[in-house]
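Q: Below is the file protein10.csv, with CSV, C-alpha atoms.
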```
chain,number,residue,atom,x,y,z
A,7,MET,CA,-5.7,-20.8,-5.6
A,8,PRO,CA,-9.0,-19.6,-7.0
A,9,GLU,CA,-9.4,-17.3,-4.0
A,10,GLN,CA,-6.0,-15.8,-4.6
A,11,ASP,CA,-6.8,-15.3,-8.3
A,12,GLY,CA,-10.1,-13.6,-7.3
A,13,ASN,CA,-8.3,-11.3,-4.8
A,14,HIS,CA,-5.8,-10.3,-7.4
A,15,THR,CA,-8.5,-9.6,-10.0
A,16,ARG,CA,-10.3,-7.5,-7.5
A,17,PHE,CA,-7.1,-5.7,-6.6
A,18,GLU,CA,-6.4,-4.9,-10.3
A,19,ALA,CA,-10.0,-3.6,-10.7
A,20,PHE,CA,-9.6,-1.3,-7.7
A,21,PHE,CA,-6.1,-0.2,-8.9
A,22,HIS,CA,-7.3,0.8,-12.3
A,23,SER,CA,-10.3,2.6,-10.9
A,24,TYR,CA,-8.4,4.7,-8.3
A,25,LYS,CA,-4.8,4.9,-9.4
A,26,HIS,CA,-5.0,8.4,-10.9
A,27,SER,CA,-7.1,10.0,-8.1
A,28,VAL,CA,-4.8,8.5,-5.4
A,29,TYR,CA,-1.7,9.8,-7.3
A,30,ASP,CA,-3.2,13.2,-7.9
A,31,PHE,CA,-4.0,13.6,-4.2
A,32,ALA,CA,-0.6,12.4,-3.0
A,33,LEU,CA,1.2,14.7,-5.5
A,34,ARG,CA,-0.8,17.8,-4.5
A,35,MET,CA,-0.4,16.9,-0.8
A,36,LEU,CA,3.4,16.4,-1.0
A,37,GLY,CA,4.3,18.6,-4.0
A,38,SER,CA,6.9,16.1,-5.2
A,39,SER,CA,6.4,13.4,-7.8
A,40,GLU,CA,9.1,11.3,-6.2
A,41,ALA,CA,7.5,11.4,-2.7
A,42,ALA,CA,4.0,10.9,-4.3
A,43,ALA,CA,5.3,7.8,-6.2
A,44,ASP,CA,6.6,6.3,-2.9
A,45,VAL,CA,3.3,6.9,-1.1
A,46,VAL,CA,1.1,5.6,-4.0
A,47,GLN,CA,3.2,2.4,-4.2
A,48,GLU,CA,2.9,1.9,-0.5
A,49,VAL,CA,-0.9,2.5,-0.5
A,50,PHE,CA,-1.5,0.0,-3.3
A,51,LEU,CA,0.8,-2.6,-1.8
A,52,ARG,CA,-1.1,-2.3,1.5
A,53,LEU,CA,-4.4,-2.7,-0.4
A,54,HIS,CA,-3.0,-5.8,-2.1
A,55,ASN,CA,-1.8,-7.3,1.1
A,56,THR,CA,-5.1,-6.6,2.9
A,57,LEU,CA,-7.1,-8.2,0.1
A,58,SER,CA,-4.8,-11.2,0.1
A,59,GLU,CA,-4.5,-11.8,3.8
A,60,ASP,CA,-7.5,-10.4,5.4
A,61,HIS,CA,-10.7,-12.3,4.8
A,62,SER,CA,-12.9,-9.4,6.0
A,63,GLU,CA,-14.3,-7.3,3.2
A,64,ILE,CA,-13.3,-3.6,2.8
A,65,ALA,CA,-16.7,-1.9,2.9
A,66,ASP,CA,-15.6,1.2,1.0
A,67,VAL,CA,-12.4,0.8,-1.0
A,68,LYS,CA,-12.2,4.3,-2.2
A,69,ALA,CA,-12.4,5.7,1.4
A,70,TRP,CA,-9.9,3.0,2.6
A,71,LEU,CA,-7.4,4.1,-0.1
A,72,PHE,CA,-7.8,7.8,0.7
A,73,ILE,CA,-7.4,7.1,4.5
A,74,ALA,CA,-4.2,5.2,3.8
A,75,ASN,CA,-3.0,7.8,1.3
A,76,ARG,CA,-3.7,10.7,3.6
A,77,ASN,CA,-2.1,9.0,6.6
A,78,LEU,CA,1.1,8.2,4.7
A,79,CYS,CA,1.2,11.8,3.2
A,80,LEU,CA,0.8,13.3,6.7
A,81,LYS,CA,3.5,11.0,8.1
A,82,ARG,CA,5.9,12.2,5.4
A,83,ILE,CA,5.0,15.8,6.0
A,84,ARG,CA,5.6,15.4,9.8
A,85,ALA,CA,8.9,13.5,9.2
A,86,LYS,CA,10.1,16.3,6.9
A,87,ARG,CA,9.1,18.9,9.5
A,88,SER,CA,11.1,17.2,12.2
A,89,GLU,CA,14.1,16.8,9.8
A,90,ALA,CA,14.1,20.5,8.8
A,91,PRO,CA,11.8,22.4,11.1
A,92,LEU,CA,12.9,25.8,9.8
A,93,GLU,CA,12.4,25.1,6.2
A,94,ALA,CA,8.9,23.6,6.0
A,95,ALA,CA,10.2,21.5,3.1
A,96,GLU,CA,6.8,20.0,2.3
A,97,ASN,CA,5.8,23.5,1.2
A,98,LEU,CA,8.5,23.7,-1.5
A,99,PRO,CA,7.3,21.6,-4.3
A,100,GLY,CA,9.2,23.3,-7.1
A,101,GLU,CA,7.8,25.6,-9.7
A,102,PRO,CA,4.4,24.6,-11.1
A,103,ASP,CA,4.3,23.7,-14.8
A,104,ALA,CA,5.3,26.8,-16.9
A,105,SER,CA,2.8,25.8,-19.6
A,106,LEU,CA,-0.1,26.5,-17.2
A,107,ASP,CA,-2.1,29.7,-17.5
A,108,PRO,CA,-1.1,32.3,-14.8
A,109,ASP,CA,-4.2,31.8,-12.7
A,110,HIS,CA,-3.8,28.0,-12.6
A,111,ARG,CA,-0.1,28.4,-11.8
A,112,ASP,CA,-0.9,30.7,-8.9
A,113,LEU,CA,-3.6,28.4,-7.7
A,114,ARG,CA,-1.2,25.5,-7.6
A,115,LYS,CA,1.4,27.5,-5.8
A,116,ALA,CA,-1.2,28.7,-3.3
A,117,MET,CA,-2.4,25.1,-2.7
A,118,THR,CA,1.1,23.9,-2.0
A,119,VAL,CA,1.7,26.4,0.8
A,120,LEU,CA,-1.6,25.9,2.6
A,121,ASP,CA,-1.7,24.3,6.0
A,122,PRO,CA,-1.7,20.5,5.4
A,123,GLY,CA,-5.0,20.1,7.2
A,124,HIS,CA,-6.7,22.8,5.0
A,125,ARG,CA,-5.0,21.4,1.9
A,126,GLU,CA,-6.3,17.8,2.5
A,127,ALA,CA,-9.8,19.0,3.1
A,128,LEU,CA,-9.9,21.1,-0.1
A,129,LEU,CA,-8.3,18.2,-2.1
A,130,LEU,CA,-10.8,15.7,-0.8
A,131,ARG,CA,-13.7,18.0,-1.6
A,132,GLU,CA,-12.8,19.8,-4.8
A,133,TYR,CA,-10.4,17.5,-6.5
A,134,SER,CA,-11.4,14.0,-5.3
A,135,GLY,CA,-15.1,14.8,-5.2
A,136,PHE,CA,-15.9,13.4,-1.7
A,137,ASN,CA,-19.1,14.7,0.0
A,138,TYR,CA,-19.1,16.1,3.6
A,139,GLN,CA,-20.1,12.7,5.1
A,140,GLU,CA,-17.3,10.9,3.3
A,141,ILE,CA,-14.7,13.6,4.3
A,142,ALA,CA,-15.9,13.4,7.9
A,143,GLY,CA,-15.3,9.6,7.7
A,144,ILE,CA,-11.8,9.9,6.2
A,145,LEU,CA,-10.7,12.7,8.5
A,146,GLU,CA,-12.5,11.2,11.5
A,147,ILE,CA,-14.2,14.5,12.4
A,148,SER,CA,-17.8,15.6,12.7
A,149,LEU,CA,-19.9,17.1,9.9
A,150,PRO,CA,-19.9,20.7,11.4
A,151,ALA,CA,-16.1,20.3,11.8
A,152,VAL,CA,-15.9,19.5,8.0
A,153,LYS,CA,-18.0,22.6,7.2
A,154,SER,CA,-15.8,24.8,9.4
A,155,LEU,CA,-12.5,23.3,8.1
A,156,LEU,CA,-13.5,23.8,4.5
A,157,TYR,CA,-14.5,27.4,5.2
A,158,LYS,CA,-11.1,28.1,6.9
A,159,ALA,CA,-9.3,26.4,4.1
A,160,ARG,CA,-11.1,28.6,1.5
A,161,VAL,CA,-10.2,31.7,3.4
A,162,GLU,CA,-6.5,30.7,3.5
A,163,LEU,CA,-6.6,29.7,-0.1
A,164,ARG,CA,-8.2,33.0,-1.1
A,165,ASP,CA,-5.6,35.1,0.9
A,166,THR,CA,-2.7,33.1,-0.5
A,167,PHE,CA,-3.9,33.2,-4.1
A,168,MET,CA,-4.5,36.9,-3.9
A,169,LYS,CA,-1.0,37.4,-2.6
A,170,TYR,CA,0.5,35.5,-5.5
A,171,LYS,CA,-1.8,37.3,-8.0
A,172,ALA,CA,-0.8,40.7,-6.6
A,173,GLN,CA,2.9,39.7,-6.9
A,174,ARG,CA,2.3,38.7,-10.5
A,175,ASP,CA,0.5,41.9,-11.3
A,176,ARG,CA,3.3,44.0,-9.8
A,177,TYR,CA,5.8,42.0,-11.8
A,178,GLU,CA,3.9,42.5,-15.0
A,179,LEU,CA,3.6,46.2,-14.5
A,180,ARG,CA,7.4,46.6,-14.2
B,16,MET,CA,-24.7,36.0,13.2
B,17,ASN,CA,-21.6,37.8,12.2
B,18,CYS,CA,-19.7,37.9,8.8
B,19,ASP,CA,-17.6,34.8,9.7
B,20,ASN,CA,-20.8,32.8,10.2
B,21,TYR,CA,-22.1,34.1,6.8
B,22,GLN,CA,-18.8,33.3,5.1
B,23,GLU,CA,-19.0,29.8,6.4
B,24,LEU,CA,-22.5,29.6,4.9
B,25,ILE,CA,-21.0,30.9,1.6
B,26,SER,CA,-18.4,28.1,1.7
B,27,ALA,CA,-21.1,25.5,2.4
B,28,SER,CA,-23.2,26.9,-0.4
B,29,LEU,CA,-20.4,26.2,-2.9
B,30,ASP,CA,-20.7,22.5,-1.9
B,31,GLY,CA,-24.5,22.6,-2.1
B,32,GLN,CA,-24.9,22.1,1.7
B,33,LEU,CA,-27.3,24.9,2.5
B,34,SER,CA,-30.9,24.4,3.6
B,35,PRO,CA,-33.5,26.7,2.0
B,36,GLU,CA,-33.7,28.7,5.3
B,37,GLU,CA,-29.9,29.2,5.4
B,38,THR,CA,-29.9,30.2,1.7
B,39,ARG,CA,-32.6,32.8,2.3
B,40,LYS,CA,-30.7,34.2,5.3
B,41,LEU,CA,-27.4,34.3,3.3
B,42,GLU,CA,-29.0,36.1,0.3
B,43,ALA,CA,-30.5,38.7,2.6
B,44,HIS,CA,-27.1,39.3,4.2
B,45,LEU,CA,-25.2,39.5,0.9
B,46,GLU,CA,-27.5,42.3,-0.2
B,47,THR,CA,-26.1,44.5,2.6
B,48,CYS,CA,-22.5,43.3,3.1
B,49,ALA,CA,-19.8,44.1,0.5
B,50,ALA,CA,-17.1,42.1,2.4
B,51,CYS,CA,-19.1,38.9,2.2
B,52,ARG,CA,-20.1,39.6,-1.4
B,53,GLU,CA,-16.4,39.9,-2.2
B,54,PHE,CA,-15.6,36.7,-0.3
B,55,ALA,CA,-18.4,34.9,-2.2
B,56,GLN,CA,-17.0,36.1,-5.5
B,57,ALA,CA,-13.4,35.1,-4.7
B,58,ALA,CA,-14.3,31.7,-3.2
B,59,GLY,CA,-16.6,31.0,-6.1
B,60,ASP,CA,-13.9,31.9,-8.7
B,61,LEU,CA,-11.3,29.7,-7.0
B,62,CYS,CA,-13.8,26.8,-6.8
B,63,ARG,CA,-14.5,27.1,-10.6
B,64,LEU,CA,-10.7,27.4,-11.2
B,65,SER,CA,-9.9,24.2,-9.3
B,66,SER,CA,-12.7,22.3,-11.0
B,67,LYS,CA,-11.0,23.1,-14.3
B,68,GLU,CA,-7.6,22.0,-13.1
B,69,LYS,CA,-6.0,19.2,-15.0
B,70,ARG,CA,-5.8,16.1,-12.9
B,71,GLU,CA,-2.4,14.4,-12.6
B,72,LEU,CA,-2.2,10.9,-14.0
B,73,LEU,CA,-0.2,8.1,-12.5
B,74,PRO,CA,3.0,7.7,-14.6
B,75,THR,CA,3.0,4.6,-16.8
B,76,GLY,CA,6.4,3.4,-15.4
B,77,LEU,CA,5.0,3.6,-11.8
B,78,GLU,CA,1.9,1.8,-12.8
B,79,ARG,CA,3.9,-1.0,-14.3
B,80,LYS,CA,6.1,-1.2,-11.2
B,81,ILE,CA,3.2,-1.5,-8.9
B,82,LEU,CA,1.5,-4.1,-11.0
B,83,ARG,CA,4.8,-6.1,-11.2
B,84,LYS,CA,5.2,-5.9,-7.4
B,85,THR,CA,1.7,-7.1,-6.8
B,86,SER,CA,1.5,-9.7,-9.5
B,87,ARG,CA,1.8,-13.4,-8.5
B,88,SER,CA,5.4,-14.7,-8.5
B,89,GLU,CA,6.4,-17.0,-11.3
B,90,PRO,CA,5.2,-20.5,-10.2
B,91,GLY,CA,7.6,-23.4,-9.8
B,92,LEU,CA,7.6,-26.5,-12.0
B,93,LEU,CA,5.4,-28.5,-9.7
B,94,ALA,CA,3.0,-25.6,-9.4
B,95,GLN,CA,2.9,-25.2,-13.1
B,96,ILE,CA,2.1,-28.9,-13.5
B,97,PHE,CA,-0.6,-28.7,-10.9
B,98,ARG,CA,-2.0,-25.5,-12.4
B,99,SER,CA,-1.9,-26.8,-16.0
B,100,ASN,CA,-5.0,-28.0,-17.7
B,101,TYR,CA,-3.9,-31.6,-17.3
B,102,GLN,CA,-5.4,-32.8,-14.1
B,103,ILE,CA,-3.7,-35.8,-12.4
B,104,PRO,CA,-6.4,-38.0,-10.7
B,105,ARG,CA,-6.3,-37.7,-7.0
B,106,PRO,CA,-5.9,-41.4,-6.2
B,107,VAL,CA,-2.8,-41.5,-8.4
B,108,VAL,CA,-1.3,-38.6,-6.4
B,109,TRP,CA,-2.1,-40.2,-3.1
B,110,LEU,CA,-0.7,-43.6,-4.3
B,111,ALA,CA,2.5,-41.9,-5.5
B,112,ALA,CA,2.9,-40.1,-2.2
B,113,ALA,CA,2.4,-43.3,-0.2
B,114,ALA,CA,5.0,-45.1,-2.4
B,115,LEU,CA,7.5,-42.3,-1.9
B,116,LEU,CA,7.0,-42.4,1.8
B,117,PHE,CA,7.4,-46.2,1.9
B,118,LEU,CA,10.6,-46.1,-0.1
B,119,THR,CA,12.0,-43.3,2.1
B,120,VAL,CA,11.3,-45.3,5.3
B,121,GLN,CA,12.7,-48.5,3.7
B,122,THR,CA,15.9,-46.7,2.8
B,123,LEU,CA,16.3,-45.2,6.2
B,124,LEU,CA,15.7,-48.5,8.0
B,125,ALA,CA,17.8,-50.8,5.8
B,126,PRO,CA,21.3,-50.3,7.5
B,127,MET,CA,19.8,-51.0,10.9
B,128,GLU,CA,18.3,-54.3,9.7
B,129,GLN,CA,21.6,-55.5,8.1
B,130,THR,CA,23.6,-55.1,11.3
B,131,PRO,CA,22.9,-58.3,13.4
B,132,ALA,CA,22.5,-58.2,17.1
B,133,VAL,CA,25.8,-59.4,18.5
B,134,PRO,CA,25.7,-61.8,21.6
B,135,PRO,CA,27.4,-60.2,24.6
B,136,GLU,CA,30.0,-63.1,24.8
B,137,VAL,CA,31.1,-62.6,21.2
B,138,ALA,CA,31.0,-58.9,21.0
B,139,GLY,CA,34.2,-57.4,22.4
B,140,SER,CA,36.2,-60.6,21.5
B,141,PRO,CA,37.8,-60.2,18.1
B,142,ASN,CA,39.7,-63.4,18.3
B,143,LEU,CA,37.0,-65.6,16.9
B,144,ALA,CA,39.4,-68.4,15.9
B,145,GLN,CA,40.0,-69.4,19.6
B,146,ASN,CA,36.2,-69.8,20.2
B,147,GLU,CA,36.1,-73.3,18.8
B,148,GLY,CA,33.0,-74.2,20.8
B,149,VAL,CA,30.9,-71.6,19.2
B,150,ARG,CA,29.1,-72.9,16.2
B,151,THR,CA,27.4,-69.8,15.1
B,152,ILE,CA,29.8,-67.0,14.4
B,153,HIS,CA,28.7,-63.5,14.0
B,154,VAL,CA,31.2,-61.6,12.0
B,155,THR,CA,31.3,-57.9,12.3
B,156,ALA,CA,33.3,-55.4,10.3
B,157,ALA,CA,35.6,-54.9,13.2
B,158,ASP,CA,36.5,-58.6,13.2
B,159,LEU,CA,37.3,-58.5,9.5
B,160,VAL,CA,39.6,-55.5,10.0
B,161,TYR,CA,41.3,-57.4,12.9
B,162,ARG,CA,41.8,-60.6,10.8
B,163,GLN,CA,43.2,-58.6,7.9
B,164,THR,CA,45.6,-56.8,10.2
B,165,HIS,CA,46.9,-59.9,12.1
B,166,ASP,CA,46.7,-62.6,9.5
B,167,GLY,CA,48.0,-60.4,6.7
B,168,GLY,CA,44.7,-60.5,4.8
B,169,GLY,CA,44.4,-64.3,5.3
B,170,SER,CA,41.9,-66.8,4.0
B,171,ASN,CA,38.2,-66.8,4.8
B,172,GLN,CA,36.9,-69.1,7.5
```
Let me see the file written as structure tokens.
A:
Amino acid sequence: MPEQDGNHTRFEAFFHSYKHSVYDFALRMLGSSEAAADVVQEVFLRLHNTLSEDHSEIADVKAWLFIANRNLCLKRIRAKRSEAPLEAAENLPGEPDASLDPDHRDLRKAMTVLDPGHREALLLREYSGFNYQEIAGILEISLPAVKSLLYKARVELRDTFMKYKAQRDRYELR
Amino acid sequence: MNCDNYQELISASLDGQLSPEETRKLEAHLETCAACREFAQAAGDLCRLSSKEKRELLPTGLERKILRKTSRSEPGLLAQIFRSNYQIPRPVVWLAAAALLFLTVQTLLAPMEQTPAVPPEVAGSPNLAQNEGVRTIHVTAADLVYRQTHDGGGSNQ
């Protein structure tokens, strides 16, 4: 009993520390609050079960959570792709919040249409604040590969953002 | 090194990943390459823009749902007694368990003890009245049923 209580207390501490960052990542990866909610729920239930059943310690809970989060997001993206290969449904998250300023709106739109591999690398680095070493651990790639991946992601983001910005400029000129 | 290599350095510089030597090389290249300067400007702007992005918060309803799913289930009455501040002394618990076990075994064995072992010559012969030489008579339920049926519920022996 005391061990179970201790595990539950530990779970709650981890949950409150990482709930927002895990949700933010899932939402930006999937572009749908409904899908993100499912994934986040699954991630934390897995953490809870692991802490309750597995006596081995999780060395880095934040990394553990993001590995589970990322794997579940990619699984959903792949499932959607196989369901509707022509639509790339994961790239249709709906219109970003109209209250955002135009640059942020274009940035959000651009992020959602990036290649999922590029998107996750940028999210881990710029939104979740992981360093190269940690990203290499989460994505199971080498440090030079992280460096190269982030470069390619930034090139794709710049191109996509510029495209949306140009569209907006044309629309405003009309 | 070509522009792709320099732009990879630009990207790494945004994350503070360049060595002093790489920084020096990159700065020298940027002085002469407009395309890389443009990339550095755009990538830097986007990096600053994303750092100002509002982070999405976990909706309260979802938070409650997760906590409800992971919280311990409501303990049963016994669990509540055992979890309560009142502690029953261990010997009392063991004694109660032993008494319960004894009573259970006693109850289960009782019908077997009440049924007497019927001698082979008597068992199978319901007509006990004709066995005058037998002094000890073992009466079974089947015998009583027989007497009641044939003697019209006659008197006891």
Q: Taking all atoms listed in the file into account, report as a PyMOL selection string which residues of chain A lie within 6 Å of chain B.
A: chain A and resi 26+29-30+157
Q: Using only C-alpha atoms, which residues sit within 9 Å of Leu78 (chain A) once same-chain residues fewer than 5 positions away are excluded, as a list in words?
A: Ala32, Val45, Glu48, Val49, Ile73 and Ile83 of chain A
Q: To one decimal place, how far is CA of Val67 (chain A) from CA of Tyr24 (chain A) in Å?
A: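 Answer for the CA of Val67 (chain A) to CA of Tyr24 (chain A) separation: 9.2 Å.
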Q: Which polymer residues have any atom within 8 Å of an atom of region 39-42 of chain B, counting only C-alpha atoms, with same-chain residues fewer than 2 positions away left out, as a list of chain:residue names?
A: B:Tyr21, B:Leu24, B:Ile25, B:Pro35, B:Glu36, B:Glu37, B:His44, B:Leu45, B:Glu46
Q: Could the residues in this selection be saved with C-alpha atoms as a CSV table (one decimal), keeping the file's coordinate frame?
A:
```csv
chain,number,residue,atom,x,y,z
B,21,TYR,CA,-22.1,34.1,6.8
B,24,LEU,CA,-22.5,29.6,4.9
B,25,ILE,CA,-21.0,30.9,1.6
B,35,PRO,CA,-33.5,26.7,2.0
B,36,GLU,CA,-33.7,28.7,5.3
B,37,GLU,CA,-29.9,29.2,5.4
B,44,HIS,CA,-27.1,39.3,4.2
B,45,LEU,CA,-25.2,39.5,0.9
B,46,GLU,CA,-27.5,42.3,-0.2
```
Q: Can you work out the spacing between CA of Thr15 (chain A) and CA of Asn75 (chain A) in Å, to one decimal?
A: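 About the pair CA of Thr15 (chain A) and CA of Asn75 (chain A): they are 21.5 Å apart.
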Q: Which of these, A:Leu106, A:Ala43, A:Ala159, A:Leu71, has the shortest distance to Val119 (chain A) once you count only C-alpha atoms?
A: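 Of the candidates, the smallest distance to Val119 (chain A) is held by A:Ala159.
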Q: Have a look at CA of Ala142 (chain A) and CA of Phe21 (chain A) and let me know their distance in Å, one decimal.
A: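 CA of Phe21 (chain A) lies 23.7 Å from CA of Ala142 (chain A).
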